[in-house]
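Engineer: Following this message is one structure expressed as structure tokens.
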Amino acid sequence: MLLVFRLFRKSLFIFLKHLHYLIKMSESPRRSLENFNPYTEFKEFTRQQIKNFRETFDLYDTTRDGFIDSMELEVMMVKLDAPQTYLALKAMMKEVDEDMDTRISFREFLLIFRKAASGELQVDGLKVLADKVGSL
């Protein structure tokens, strides 16, 4: 009986956590990626720089869904010779993930380089990413 109760409690906790996430996602302000134009929003970058950032983004977006998730970010950092811990990867995601969907869109990827140029990056892993990708 105690085992059944524990299983039920754990299942209920997982369900409530998922429900909380769904509610949070529905309330968060989302930018429409359909209307996103990197050339007009990120005027501080040249067309060639944006093209290079897009190529790098697409290289690591292995699922081809238009986002870099935590696993793809981990692979990116390893290939850039800057492996990160799980907590460091979470901190990296948190700093640039404006819509809180736990993925980095191309727009959010460009924000890394904007923040790096203005000295606003807080997380060391993102500073390394900006330095290494920006120098490619």
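Lettering and numbering for the structure tokens are positional, with chains as A, B, ... in the shown order, residues counted from 1 in each chain, and ligands counted from 1 in the shown order.
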Fewer than 3 positions away in the same chain doesn't count, so skip those; otherwise give me all residues within 9 Å of Val123 (chain A), counting only C-alpha atoms, as an MDAnalysis selection string.
Structural biologist: chainID A and resid 88 91:92 95 126:127
Engineer: Compile the contact shell of Asp61 (chain A) as a PDB file with N, CA and C atoms, in the first residue's frame: residues with an atom at most 10 Å away, counting only C-alpha atoms, same-chain residues fewer than 4 positions apart removed.
Structural biologist:
```
ATOM      1  N   GLU A  55      25.278  30.007 -40.300  1.00  0.00           N
ATOM      2  CA  GLU A  55      25.947  28.748 -40.658  1.00  0.00           C
ATOM      3  C   GLU A  55      26.368  27.982 -39.408  1.00  0.00           C
ATOM      4  N   THR A  56      26.908  28.704 -38.436  1.00  0.00           N
ATOM      5  CA  THR A  56      27.304  28.061 -37.180  1.00  0.00           C
ATOM      6  C   THR A  56      26.085  27.515 -36.451  1.00  0.00           C
ATOM      7  N   PHE A  57      25.028  28.313 -36.378  1.00  0.00           N
ATOM      8  CA  PHE A  57      23.793  27.882 -35.722  1.00  0.00           C
ATOM      9  C   PHE A  57      23.261  26.613 -36.385  1.00  0.00           C
ATOM     10  N   ASP A  65      15.275  21.772 -36.251  1.00  0.00           N
ATOM     11  CA  ASP A  65      13.990  22.321 -35.832  1.00  0.00           C
ATOM     12  C   ASP A  65      14.035  23.830 -35.650  1.00  0.00           C
ATOM     13  N   GLY A  66      15.183  24.443 -35.938  1.00  0.00           N
ATOM     14  CA  GLY A  66      15.311  25.886 -35.817  1.00  0.00           C
ATOM     15  C   GLY A  66      15.696  26.353 -34.422  1.00  0.00           C
ATOM     16  N   PHE A  67      16.076  25.413 -33.574  1.00  0.00           N
ATOM     17  CA  PHE A  67      16.453  25.732 -32.198  1.00  0.00           C
ATOM     18  C   PHE A  67      17.669  24.908 -31.794  1.00  0.00           C
ATOM     19  N   ILE A  68      18.429  25.435 -30.852  1.00  0.00           N
ATOM     20  CA  ILE A  68      19.517  24.673 -30.236  1.00  0.00           C
ATOM     21  C   ILE A  68      19.062  24.331 -28.832  1.00  0.00           C
ATOM     22  N   ASP A  69      18.913  23.032 -28.572  1.00  0.00           N
ATOM     23  CA  ASP A  69      18.499  22.604 -27.231  1.00  0.00           C
ATOM     24  C   ASP A  69      19.742  22.357 -26.374  1.00  0.00           C
ATOM     25  N   MET A  71      21.186  19.650 -25.324  1.00  0.00           N
ATOM     26  CA  MET A  71      22.105  18.612 -25.821  1.00  0.00           C
ATOM     27  C   MET A  71      22.952  19.156 -26.976  1.00  0.00           C
ATOM     28  N   GLU A  72      22.324  19.900 -27.860  1.00  0.00           N
ATOM     29  CA  GLU A  72      23.058  20.482 -28.984  1.00  0.00           C
ATOM     30  C   GLU A  72      24.041  21.547 -28.497  1.00  0.00           C
ATOM     31  N   LEU A  73      23.653  22.296 -27.476  1.00  0.00           N
ATOM     32  CA  LEU A  73      24.554  23.284 -26.883  1.00  0.00           C
ATOM     33  C   LEU A  73      25.757  22.598 -26.252  1.00  0.00           C
ATOM     34  N   MET A  76      28.040  21.602 -29.004  1.00  0.00           N
ATOM     35  CA  MET A  76      28.705  22.800 -29.523  1.00  0.00           C
ATOM     36  C   MET A  76      29.884  23.187 -28.645  1.00  0.00           C
ATOM     37  N   ILE A 104      17.333  27.614 -27.662  1.00  0.00           N
ATOM     38  CA  ILE A 104      17.870  28.874 -28.182  1.00  0.00           C
ATOM     39  C   ILE A 104      17.478  28.995 -29.648  1.00  0.00           C
ATOM     40  N   SER A 105      16.702  30.019 -29.956  1.00  0.00           N
ATOM     41  CA  SER A 105      16.345  30.298 -31.345  1.00  0.00           C
ATOM     42  C   SER A 105      17.504  31.042 -32.000  1.00  0.00           C
ATOM     43  N   PHE A 106      17.431  31.233 -33.314  1.00  0.00           N
ATOM     44  CA  PHE A 106      18.496  31.976 -33.982  1.00  0.00           C
ATOM     45  C   PHE A 106      18.557  33.411 -33.454  1.00  0.00           C
TER      46      PHE A 106
END
```
Engineer: Identify which of the residues A:Val75, A:Val96, A:Leu87, A:Ile50 lies closest to Ala116 (chain A), counting only C-alpha atoms when measuring atom-to-atom distances.
Structural biologist: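 Going through A:Val75, A:Val96, A:Leu87, A:Ile50 one by one, the smallest distance to Ala116 (chain A) is for A:Val96.
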Engineer: Applying 10 Å and only C-alpha atoms, which residues near Gln49 (chain A) remain after dropping the ones on its own chain fewer than 5 positions away? List them as a VMD selection string.
Structural biologist: chain A and resid 44 54 to 55 134 136
Engineer: Choose the residue, out of A:Arg107, A:Leu80, A:Asp101, A:Thr85, that has the smallest atom-to-atom separation from Asn37 (chain A); count only C-alpha atoms.
Structural biologist: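 Checking each of A:Arg107, A:Leu80, A:Asp101, A:Thr85 against Asn37 (chain A), counting only C-alpha atoms, the winner is A:Arg107.
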Engineer: If you run DSSP on this backbone, which residues of region 13-124 of chain A come out as strand (DSSP E or B), and could you give them as an MDAnalysis selection string?
Structural biologist: chainID A and resid 67:68 104:105
Engineer: Out of A:Arg64, A:Lys132, A:Ser11, A:Phe109, which residue has the shortest atom-to-atom distance to Val78 (chain A) when counting only C-alpha atoms?
Structural biologist: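 So, comparing all the options, the nearest one is A:Lys132.
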Engineer: Env of Thr102 (chain A): 9 Å cut, atoms = only C-alpha atoms, seq-sep filter 6 positions within chain, self excluded. Answer as JSON, numbers by chain.
Structural biologist: {"A": [69, 70, 90, 93, 94]}
Engineer: Those selected residues, please, written with all heavy atoms and delivered as a compact mmCIF listing (two decimals), in the first residue's frame.
Structural biologist:
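Result file is result28.txt:
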```txt
# COMPACT_ATOMS: atom_id res chain seq x y z
N ASP A 69 18.91 23.03 -28.57
CA ASP A 69 18.50 22.60 -27.23
C ASP A 69 19.74 22.36 -26.37
O ASP A 69 20.87 22.56 -26.83
CB ASP A 69 17.58 21.38 -27.30
CG ASP A 69 18.25 20.16 -27.92
OD1 ASP A 69 19.50 20.04 -27.86
OD2 ASP A 69 17.53 19.31 -28.48
N SER A 70 19.54 21.91 -25.16
CA SER A 70 20.67 21.76 -24.23
C SER A 70 21.67 20.71 -24.70
O SER A 70 22.87 20.88 -24.52
CB SER A 70 20.17 21.45 -22.82
OG SER A 70 19.42 20.27 -22.83
N LYS A 90 22.84 25.00 -18.14
CA LYS A 90 21.55 25.57 -17.73
C LYS A 90 21.66 27.08 -17.56
O LYS A 90 20.77 27.83 -17.97
CB LYS A 90 21.07 24.93 -16.42
CG LYS A 90 20.36 23.62 -16.60
CD LYS A 90 19.85 23.08 -15.28
CE LYS A 90 18.68 23.90 -14.79
NZ LYS A 90 18.00 23.33 -13.64
N MET A 93 21.76 28.75 -20.97
CA MET A 93 20.43 28.79 -21.57
C MET A 93 19.59 29.88 -20.91
O MET A 93 18.93 30.66 -21.59
CB MET A 93 19.70 27.46 -21.39
CG MET A 93 20.16 26.38 -22.31
SD MET A 93 19.50 26.65 -23.94
CE MET A 93 19.45 25.01 -24.53
N LYS A 94 19.64 29.92 -19.61
CA LYS A 94 18.79 30.86 -18.86
C LYS A 94 19.10 32.31 -19.22
O LYS A 94 18.19 33.14 -19.32
CB LYS A 94 18.97 30.64 -17.36
CG LYS A 94 18.06 31.48 -16.51
CD LYS A 94 18.25 31.15 -15.04
CE LYS A 94 17.33 32.00 -14.19
NZ LYS A 94 17.48 31.71 -12.79
```
Engineer: Separation of CA of Met77 (chain A) and CA of Arg114 (chain A), in Å?
Structural biologist: 18.9 Å
Engineer: What does the structure give for the distance between CA of Leu121 (chain A) and CA of Asp81 (chain A), in Å to one decimal?
Structural biologist: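 Those two atoms sit 19.5 Å apart.
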Engineer: Between A:Leu89, A:Glu74, A:Glu98, A:Phe113, single out the one closest to Phe45 (chain A), counting only C-alpha atoms.
Structural biologist: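 Once distances to Phe45 (chain A) are computed over only C-alpha atoms, the minimum belongs to A:Phe113.
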